[in-house]
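Trainee: First the structure, then my questions, so here it is.
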Amino acid sequence: MPRLQPYKWIALLSLLLVIPMGWMGDVPRKIILNESIRNLYFHVPMWFGMIFLLAASAWHSLVYLRKRQLQHDHWADAYSVVGLLFGLLGLTTGMVWAQFTWGAWWSGDPKQNASAIALLMYLAYRVLRNSFTQPETRARISAVYNLFAFSCLIPLLFILPRLTDSLHPGNGGNPGFNSYDLDGRMRLVFYPAVLAFALLGFWLANVYARMQRISQFLQNRFT
């Protein structure tokens, strides 16, 4: 029976802490936020996980363009798939949070709009990859687009929303969570949550990459 690698054990143990505490742990009772602040353990770590995964995807695309080794394109593909999944989950949990704090699922907040644009760019990346059948052509063009998408992701999420009015904490002049309601109790869960979801994302990407290699092997063998 294969043994789990250390980072997988860390992910599992962290999730065993985060999930129960996220639902039942003690949290500050603040005006407007109330119990919805528990979403901090899920929404924000998923976005962190997305950033880490898409950064890894862009790195492998850059390495592919330098070395022309298809294995790096496979890893770029795997990290982008799971990164996009985490982004969609982060956007969904953010909409749930917005409904209870801002009074609407979607209010047109700059951070929401920028996040949606960023995810649409990566959905386009998936469409672009699937439009090519020749592996080298697909890898080369996808790598260039992936680097372009990641270079747009950073200003969309971290720069542009800060330049205008925004309801989102930490943007548009609003204070971030850590300055007004993230106390020591929540930090003990929040930081493990970031670690847990990031490691879970890399674990899922590893599984996806292995599945893709098996699928390609079987296709080459029986065609």
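Naming scheme: A, B, ... for chains in displayed order of the structure tokens; residues 1 onward per chain; ligands 1 onward as shown.
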Can you list every residue of segment 25-109 of chain A that has an atom at most 12 Å from segment 130-144 of chain A, with its nearest atom pair and the distance in Å to one decimal, using only C-alpha atoms, ordered by chain then number, as a tab-separated table?
Mentor:
residue	atom	partner	partner_atom	distance
A:Ser57	CA	A:Ala143	CA	9.0
A:Ala58	CA	A:Ala143	CA	7.5
A:Trp59	CA	A:Ala143	CA	9.5
A:His60	CA	A:Ala143	CA	8.3
A:Ser61	CA	A:Ala143	CA	4.6
A:Leu62	CA	A:Ala143	CA	6.9
A:Val63	CA	A:Ala143	CA	9.2
A:Tyr64	CA	A:Ala143	CA	7.3
A:Leu65	CA	A:Arg140	CA	6.8
A:Arg66	CA	A:Arg140	CA	10.4
A:Lys67	CA	A:Arg140	CA	11.0
A:Arg68	CA	A:Arg140	CA	8.2
A:Gln69	CA	A:Glu136	CA	9.2
A:Leu70	CA	A:Ala139	CA	7.2
A:Gln71	CA	A:Ala139	CA	9.8
A:His72	CA	A:Ala139	CA	8.9
A:Asp73	CA	A:Ala139	CA	5.7
A:His74	CA	A:Ala139	CA	8.4
A:Trp75	CA	A:Ala139	CA	10.9
A:Ala76	CA	A:Ala143	CA	8.0
A:Asp77	CA	A:Ser142	CA	8.9
A:Ser80	CA	A:Ser142	CA	11.0
Trainee: Could the residues in this selection be written to a file with C-alpha atoms, as a PDB file, in the first residue's frame?
Mentor:
ATOM      1  CA  SER A  57       0.956  26.736 -13.722  1.00  0.00           C
ATOM      2  CA  ALA A  58       2.563  29.892 -15.129  1.00  0.00           C
ATOM      3  CA  TRP A  59       5.989  28.741 -13.912  1.00  0.00           C
ATOM      4  CA  HIS A  60       5.681  25.421 -15.739  1.00  0.00           C
ATOM      5  CA  SER A  61       4.520  27.243 -18.880  1.00  0.00           C
ATOM      6  CA  LEU A  62       7.637  29.418 -18.684  1.00  0.00           C
ATOM      7  CA  VAL A  63       9.857  26.363 -18.199  1.00  0.00           C
ATOM      8  CA  TYR A  64       8.179  24.657 -21.160  1.00  0.00           C
ATOM      9  CA  LEU A  65       8.938  27.612 -23.430  1.00  0.00           C
ATOM     10  CA  ARG A  66      12.582  27.400 -22.382  1.00  0.00           C
ATOM     11  CA  LYS A  67      13.078  23.599 -22.494  1.00  0.00           C
ATOM     12  CA  ARG A  68      10.267  22.381 -24.801  1.00  0.00           C
ATOM     13  CA  GLN A  69       9.553  19.397 -22.546  1.00  0.00           C
ATOM     14  CA  LEU A  70       5.913  18.309 -22.709  1.00  0.00           C
ATOM     15  CA  GLN A  71       5.879  17.189 -19.094  1.00  0.00           C
ATOM     16  CA  HIS A  72       5.926  20.862 -18.074  1.00  0.00           C
ATOM     17  CA  ASP A  73       2.906  21.536 -20.264  1.00  0.00           C
ATOM     18  CA  HIS A  74       1.105  18.657 -18.520  1.00  0.00           C
ATOM     19  CA  TRP A  75       1.857  20.174 -15.123  1.00  0.00           C
ATOM     20  CA  ALA A  76       0.800  23.633 -16.290  1.00  0.00           C
ATOM     21  CA  ASP A  77      -2.473  22.089 -17.434  1.00  0.00           C
ATOM     22  CA  SER A  80      -4.547  25.527 -14.074  1.00  0.00           C
TER      23      SER A  80
END
Trainee: Running DSSP on the backbone, which parts of segment 24-100 of chain A land in helix (DSSP H, G or I), as a PDB file with N, CA and C atoms, in the first residue's frame?
Mentor:
ATOM      1  N   MET A  24     -18.137  25.177  13.811  1.00  0.00           N
ATOM      2  CA  MET A  24     -18.585  25.177  15.204  1.00  0.00           C
ATOM      3  C   MET A  24     -17.678  25.954  16.148  1.00  0.00           C
ATOM      4  N   ASN A  34     -21.437  39.076  11.906  1.00  0.00           N
ATOM      5  CA  ASN A  34     -22.014  38.010  12.722  1.00  0.00           C
ATOM      6  C   ASN A  34     -21.365  36.659  12.416  1.00  0.00           C
ATOM      7  N   GLU A  35     -22.194  35.620  12.233  1.00  0.00           N
ATOM      8  CA  GLU A  35     -21.666  34.278  11.987  1.00  0.00           C
ATOM      9  C   GLU A  35     -21.050  34.122  10.595  1.00  0.00           C
ATOM     10  N   SER A  36     -21.344  35.053   9.694  1.00  0.00           N
ATOM     11  CA  SER A  36     -20.825  34.927   8.334  1.00  0.00           C
ATOM     12  C   SER A  36     -19.300  35.037   8.287  1.00  0.00           C
ATOM     13  N   ILE A  37     -18.698  35.536   9.365  1.00  0.00           N
ATOM     14  CA  ILE A  37     -17.237  35.660   9.375  1.00  0.00           C
ATOM     15  C   ILE A  37     -16.560  34.297   9.296  1.00  0.00           C
ATOM     16  N   ARG A  38     -17.303  33.219   9.580  1.00  0.00           N
ATOM     17  CA  ARG A  38     -16.741  31.875   9.447  1.00  0.00           C
ATOM     18  C   ARG A  38     -16.283  31.603   8.009  1.00  0.00           C
ATOM     19  N   ASN A  39     -16.870  32.313   7.075  1.00  0.00           N
ATOM     20  CA  ASN A  39     -16.491  32.130   5.675  1.00  0.00           C
ATOM     21  C   ASN A  39     -15.044  32.532   5.427  1.00  0.00           C
ATOM     22  N   LEU A  40     -14.471  33.282   6.362  1.00  0.00           N
ATOM     23  CA  LEU A  40     -13.060  33.652   6.237  1.00  0.00           C
ATOM     24  C   LEU A  40     -12.169  32.421   6.169  1.00  0.00           C
ATOM     25  N   TYR A  41     -12.589  31.328   6.821  1.00  0.00           N
ATOM     26  CA  TYR A  41     -11.796  30.096   6.825  1.00  0.00           C
ATOM     27  C   TYR A  41     -11.867  29.332   5.502  1.00  0.00           C
ATOM     28  N   HIS A  43     -13.458  30.997   2.150  1.00  0.00           N
ATOM     29  CA  HIS A  43     -13.381  31.880   0.985  1.00  0.00           C
ATOM     30  C   HIS A  43     -11.951  32.380   0.726  1.00  0.00           C
ATOM     31  N   VAL A  44     -11.330  32.959   1.734  1.00  0.00           N
ATOM     32  CA  VAL A  44      -9.997  33.545   1.552  1.00  0.00           C
ATOM     33  C   VAL A  44      -8.932  32.472   1.284  1.00  0.00           C
ATOM     34  N   PRO A  45      -8.875  31.367   2.049  1.00  0.00           N
ATOM     35  CA  PRO A  45      -7.884  30.330   1.733  1.00  0.00           C
ATOM     36  C   PRO A  45      -8.031  29.742   0.337  1.00  0.00           C
ATOM     37  N   MET A  46      -9.271  29.642  -0.162  1.00  0.00           N
ATOM     38  CA  MET A  46      -9.451  29.140  -1.527  1.00  0.00           C
ATOM     39  C   MET A  46      -8.837  30.088  -2.546  1.00  0.00           C
ATOM     40  N   TRP A  47      -8.952  31.390  -2.303  1.00  0.00           N
ATOM     41  CA  TRP A  47      -8.330  32.352  -3.203  1.00  0.00           C
ATOM     42  C   TRP A  47      -6.809  32.273  -3.122  1.00  0.00           C
ATOM     43  N   PHE A  48      -6.290  32.112  -1.902  1.00  0.00           N
ATOM     44  CA  PHE A  48      -4.844  31.929  -1.763  1.00  0.00           C
ATOM     45  C   PHE A  48      -4.399  30.685  -2.529  1.00  0.00           C
ATOM     46  N   GLY A  49      -5.149  29.591  -2.349  1.00  0.00           N
ATOM     47  CA  GLY A  49      -4.817  28.364  -3.056  1.00  0.00           C
ATOM     48  C   GLY A  49      -4.837  28.563  -4.559  1.00  0.00           C
ATOM     49  N   MET A  50      -5.828  29.311  -5.056  1.00  0.00           N
ATOM     50  CA  MET A  50      -5.908  29.585  -6.487  1.00  0.00           C
ATOM     51  C   MET A  50      -4.668  30.328  -6.971  1.00  0.00           C
ATOM     52  N   ILE A  51      -4.246  31.341  -6.220  1.00  0.00           N
ATOM     53  CA  ILE A  51      -3.069  32.126  -6.614  1.00  0.00           C
ATOM     54  C   ILE A  51      -1.834  31.240  -6.677  1.00  0.00           C
ATOM     55  N   PHE A  52      -1.637  30.398  -5.654  1.00  0.00           N
ATOM     56  CA  PHE A  52      -0.465  29.518  -5.636  1.00  0.00           C
ATOM     57  C   PHE A  52      -0.482  28.551  -6.822  1.00  0.00           C
ATOM     58  N   LEU A  53      -1.651  27.991  -7.100  1.00  0.00           N
ATOM     59  CA  LEU A  53      -1.766  27.002  -8.176  1.00  0.00           C
ATOM     60  C   LEU A  53      -1.553  27.641  -9.549  1.00  0.00           C
ATOM     61  N   LEU A  54      -2.149  28.806  -9.757  1.00  0.00           N
ATOM     62  CA  LEU A  54      -1.989  29.471 -11.052  1.00  0.00           C
ATOM     63  C   LEU A  54      -0.569  29.986 -11.229  1.00  0.00           C
ATOM     64  N   ALA A  55       0.083  30.356 -10.134  1.00  0.00           N
ATOM     65  CA  ALA A  55       1.495  30.742 -10.212  1.00  0.00           C
ATOM     66  C   ALA A  55       2.351  29.538 -10.612  1.00  0.00           C
ATOM     67  N   ALA A  56       2.058  28.370 -10.034  1.00  0.00           N
ATOM     68  CA  ALA A  56       2.788  27.157 -10.410  1.00  0.00           C
ATOM     69  C   ALA A  56       2.529  26.802 -11.868  1.00  0.00           C
ATOM     70  N   SER A  57       1.290  26.999 -12.324  1.00  0.00           N
ATOM     71  CA  SER A  57       0.956  26.736 -13.722  1.00  0.00           C
ATOM     72  C   SER A  57       1.749  27.653 -14.648  1.00  0.00           C
ATOM     73  N   ALA A  58       1.811  28.943 -14.308  1.00  0.00           N
ATOM     74  CA  ALA A  58       2.563  29.892 -15.129  1.00  0.00           C
ATOM     75  C   ALA A  58       4.057  29.555 -15.135  1.00  0.00           C
ATOM     76  N   TRP A  59       4.577  29.117 -13.990  1.00  0.00           N
ATOM     77  CA  TRP A  59       5.989  28.741 -13.912  1.00  0.00           C
ATOM     78  C   TRP A  59       6.302  27.579 -14.852  1.00  0.00           C
ATOM     79  N   HIS A  60       5.440  26.565 -14.866  1.00  0.00           N
ATOM     80  CA  HIS A  60       5.681  25.421 -15.739  1.00  0.00           C
ATOM     81  C   HIS A  60       5.512  25.817 -17.211  1.00  0.00           C
ATOM     82  N   SER A  61       4.633  26.757 -17.498  1.00  0.00           N
ATOM     83  CA  SER A  61       4.520  27.243 -18.880  1.00  0.00           C
ATOM     84  C   SER A  61       5.802  27.950 -19.294  1.00  0.00           C
ATOM     85  N   LEU A  62       6.379  28.733 -18.388  1.00  0.00           N
ATOM     86  CA  LEU A  62       7.637  29.418 -18.684  1.00  0.00           C
ATOM     87  C   LEU A  62       8.765  28.410 -18.910  1.00  0.00           C
ATOM     88  N   VAL A  63       8.821  27.384 -18.056  1.00  0.00           N
ATOM     89  CA  VAL A  63       9.857  26.363 -18.199  1.00  0.00           C
ATOM     90  C   VAL A  63       9.670  25.605 -19.509  1.00  0.00           C
ATOM     91  N   TYR A  64       8.405  25.349 -19.882  1.00  0.00           N
ATOM     92  CA  TYR A  64       8.179  24.657 -21.160  1.00  0.00           C
ATOM     93  C   TYR A  64       8.723  25.470 -22.325  1.00  0.00           C
ATOM     94  N   LEU A  65       8.468  26.775 -22.328  1.00  0.00           N
ATOM     95  CA  LEU A  65       8.938  27.612 -23.430  1.00  0.00           C
ATOM     96  C   LEU A  65      10.466  27.629 -23.506  1.00  0.00           C
ATOM     97  N   ARG A  66      11.118  27.420 -22.384  1.00  0.00           N
ATOM     98  CA  ARG A  66      12.582  27.400 -22.382  1.00  0.00           C
ATOM     99  C   ARG A  66      13.141  26.030 -22.781  1.00  0.00           C
ATOM    100  N   LYS A  67      12.506  24.934 -22.310  1.00  0.00           N
ATOM    101  CA  LYS A  67      13.078  23.599 -22.494  1.00  0.00           C
ATOM    102  C   LYS A  67      12.322  22.730 -23.501  1.00  0.00           C
ATOM    103  N   LEU A  70       7.366  18.372 -22.839  1.00  0.00           N
ATOM    104  CA  LEU A  70       5.913  18.309 -22.709  1.00  0.00           C
ATOM    105  C   LEU A  70       5.446  18.040 -21.285  1.00  0.00           C
ATOM    106  N   GLN A  71       6.294  17.450 -20.465  1.00  0.00           N
ATOM    107  CA  GLN A  71       5.879  17.189 -19.094  1.00  0.00           C
ATOM    108  C   GLN A  71       5.542  18.490 -18.363  1.00  0.00           C
ATOM    109  N   HIS A  72       6.217  19.582 -18.712  1.00  0.00           N
ATOM    110  CA  HIS A  72       5.926  20.862 -18.074  1.00  0.00           C
ATOM    111  C   HIS A  72       4.583  21.416 -18.558  1.00  0.00           C
ATOM    112  N   ASP A  73       4.229  21.143 -19.792  1.00  0.00           N
ATOM    113  CA  ASP A  73       2.906  21.536 -20.264  1.00  0.00           C
ATOM    114  C   ASP A  73       1.823  20.749 -19.534  1.00  0.00           C
ATOM    115  N   HIS A  74       2.082  19.469 -19.253  1.00  0.00           N
ATOM    116  CA  HIS A  74       1.105  18.657 -18.520  1.00  0.00           C
ATOM    117  C   HIS A  74       0.899  19.206 -17.110  1.00  0.00           C
ATOM    118  N   TRP A  75       1.992  19.614 -16.462  1.00  0.00           N
ATOM    119  CA  TRP A  75       1.857  20.174 -15.123  1.00  0.00           C
ATOM    120  C   TRP A  75       1.172  21.534 -15.156  1.00  0.00           C
ATOM    121  N   ALA A  76       1.476  22.344 -16.154  1.00  0.00           N
ATOM    122  CA  ALA A  76       0.800  23.633 -16.290  1.00  0.00           C
ATOM    123  C   ALA A  76      -0.698  23.432 -16.457  1.00  0.00           C
ATOM    124  N   ASP A  77      -1.068  22.423 -17.236  1.00  0.00           N
ATOM    125  CA  ASP A  77      -2.473  22.089 -17.434  1.00  0.00           C
ATOM    126  C   ASP A  77      -3.121  21.676 -16.122  1.00  0.00           C
ATOM    127  N   ALA A  78      -2.462  20.792 -15.374  1.00  0.00           N
ATOM    128  CA  ALA A  78      -3.032  20.277 -14.126  1.00  0.00           C
ATOM    129  C   ALA A  78      -3.221  21.388 -13.101  1.00  0.00           C
ATOM    130  N   TYR A  79      -2.209  22.223 -12.935  1.00  0.00           N
ATOM    131  CA  TYR A  79      -2.322  23.301 -11.942  1.00  0.00           C
ATOM    132  C   TYR A  79      -3.391  24.313 -12.348  1.00  0.00           C
ATOM    133  N   SER A  80      -3.537  24.560 -13.639  1.00  0.00           N
ATOM    134  CA  SER A  80      -4.547  25.527 -14.074  1.00  0.00           C
ATOM    135  C   SER A  80      -5.953  24.997 -13.853  1.00  0.00           C
ATOM    136  N   VAL A  81      -6.155  23.692 -14.063  1.00  0.00           N
ATOM    137  CA  VAL A  81      -7.484  23.104 -13.852  1.00  0.00           C
ATOM    138  C   VAL A  81      -7.913  23.234 -12.399  1.00  0.00           C
ATOM    139  N   VAL A  82      -7.036  22.833 -11.482  1.00  0.00           N
ATOM    140  CA  VAL A  82      -7.384  22.893 -10.061  1.00  0.00           C
ATOM    141  C   VAL A  82      -7.431  24.346  -9.581  1.00  0.00           C
ATOM    142  N   GLY A  83      -6.547  25.195 -10.106  1.00  0.00           N
ATOM    143  CA  GLY A  83      -6.597  26.611  -9.758  1.00  0.00           C
ATOM    144  C   GLY A  83      -7.906  27.247 -10.172  1.00  0.00           C
ATOM    145  N   LEU A  84      -8.388  26.901 -11.357  1.00  0.00           N
ATOM    146  CA  LEU A  84      -9.677  27.417 -11.814  1.00  0.00           C
ATOM    147  C   LEU A  84     -10.809  26.902 -10.935  1.00  0.00           C
ATOM    148  N   LEU A  85     -10.741  25.631 -10.534  1.00  0.00           N
ATOM    149  CA  LEU A  85     -11.746  25.071  -9.627  1.00  0.00           C
ATOM    150  C   LEU A  85     -11.771  25.840  -8.313  1.00  0.00           C
ATOM    151  N   PHE A  86     -10.599  26.098  -7.739  1.00  0.00           N
ATOM    152  CA  PHE A  86     -10.541  26.844  -6.485  1.00  0.00           C
ATOM    153  C   PHE A  86     -11.056  28.268  -6.677  1.00  0.00           C
ATOM    154  N   GLY A  87     -10.769  28.854  -7.836  1.00  0.00           N
ATOM    155  CA  GLY A  87     -11.265  30.189  -8.110  1.00  0.00           C
ATOM    156  C   GLY A  87     -12.778  30.237  -8.174  1.00  0.00           C
ATOM    157  N   LEU A  88     -13.387  29.248  -8.814  1.00  0.00           N
ATOM    158  CA  LEU A  88     -14.851  29.193  -8.892  1.00  0.00           C
ATOM    159  C   LEU A  88     -15.466  28.981  -7.513  1.00  0.00           C
ATOM    160  N   LEU A  89     -14.831  28.116  -6.713  1.00  0.00           N
ATOM    161  CA  LEU A  89     -15.321  27.908  -5.344  1.00  0.00           C
ATOM    162  C   LEU A  89     -15.148  29.174  -4.512  1.00  0.00           C
ATOM    163  N   GLY A  90     -14.021  29.866  -4.694  1.00  0.00           N
ATOM    164  CA  GLY A  90     -13.804  31.117  -3.979  1.00  0.00           C
ATOM    165  C   GLY A  90     -14.821  32.173  -4.374  1.00  0.00           C
ATOM    166  N   LEU A  91     -15.133  32.253  -5.653  1.00  0.00           N
ATOM    167  CA  LEU A  91     -16.128  33.224  -6.121  1.00  0.00           C
ATOM    168  C   LEU A  91     -17.507  32.883  -5.563  1.00  0.00           C
ATOM    169  N   THR A  92     -17.844  31.597  -5.525  1.00  0.00           N
ATOM    170  CA  THR A  92     -19.150  31.173  -5.015  1.00  0.00           C
ATOM    171  C   THR A  92     -19.289  31.464  -3.524  1.00  0.00           C
ATOM    172  N   THR A  93     -18.258  31.099  -2.745  1.00  0.00           N
ATOM    173  CA  THR A  93     -18.324  31.389  -1.311  1.00  0.00           C
ATOM    174  C   THR A  93     -18.339  32.897  -1.055  1.00  0.00           C
ATOM    175  N   GLY A  94     -17.658  33.650  -1.910  1.00  0.00           N
ATOM    176  CA  GLY A  94     -17.700  35.103  -1.782  1.00  0.00           C
ATOM    177  C   GLY A  94     -19.089  35.660  -2.050  1.00  0.00           C
ATOM    178  N   MET A  95     -19.800  35.084  -2.997  1.00  0.00           N
ATOM    179  CA  MET A  95     -21.167  35.528  -3.286  1.00  0.00           C
ATOM    180  C   MET A  95     -22.101  35.232  -2.111  1.00  0.00           C
ATOM    181  N   VAL A  96     -21.915  34.068  -1.494  1.00  0.00           N
ATOM    182  CA  VAL A  96     -22.726  33.734  -0.316  1.00  0.00           C
ATOM    183  C   VAL A  96     -22.459  34.739   0.800  1.00  0.00           C
ATOM    184  N   TRP A  97     -21.183  35.057   1.003  1.00  0.00           N
ATOM    185  CA  TRP A  97     -20.812  36.026   2.033  1.00  0.00           C
ATOM    186  C   TRP A  97     -21.407  37.396   1.718  1.00  0.00           C
ATOM    187  N   ALA A  98     -21.328  37.789   0.446  1.00  0.00           N
ATOM    188  CA  ALA A  98     -21.859  39.095   0.046  1.00  0.00           C
ATOM    189  C   ALA A  98     -23.356  39.199   0.294  1.00  0.00           C
ATOM    190  N   GLN A  99     -24.088  38.108   0.091  1.00  0.00           N
ATOM    191  CA  GLN A  99     -25.533  38.126   0.307  1.00  0.00           C
ATOM    192  C   GLN A  99     -25.880  38.467   1.752  1.00  0.00           C
ATOM    193  N   PHE A 100     -25.104  37.962   2.689  1.00  0.00           N
ATOM    194  CA  PHE A 100     -25.414  38.171   4.104  1.00  0.00           C
ATOM    195  C   PHE A 100     -24.804  39.454   4.670  1.00  0.00           C
TER     196      PHE A 100
END
Trainee: What is the distance between atom CA of Leu204 of chain A and atom CA of Ile10 of chain A, in Å to one decimal?
Mentor: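 Value for the atom CA of Leu204 of chain A-atom CA of Ile10 of chain A distance: 14.2 Å.
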Trainee: Quick one: residues within 7 Å of Leu15 of chain A, only C-alpha atoms counted, chain neighbours fewer than 4 positions away excluded, as a PyMOL selection string?
Mentor: chain A and resi 11+19+193+196
Trainee: Could you jot down the atom CA of Leu160 of chain A to atom CA of Asn113 of chain A separation for me, Å, one decimal place?
Mentor: 10.6 Å
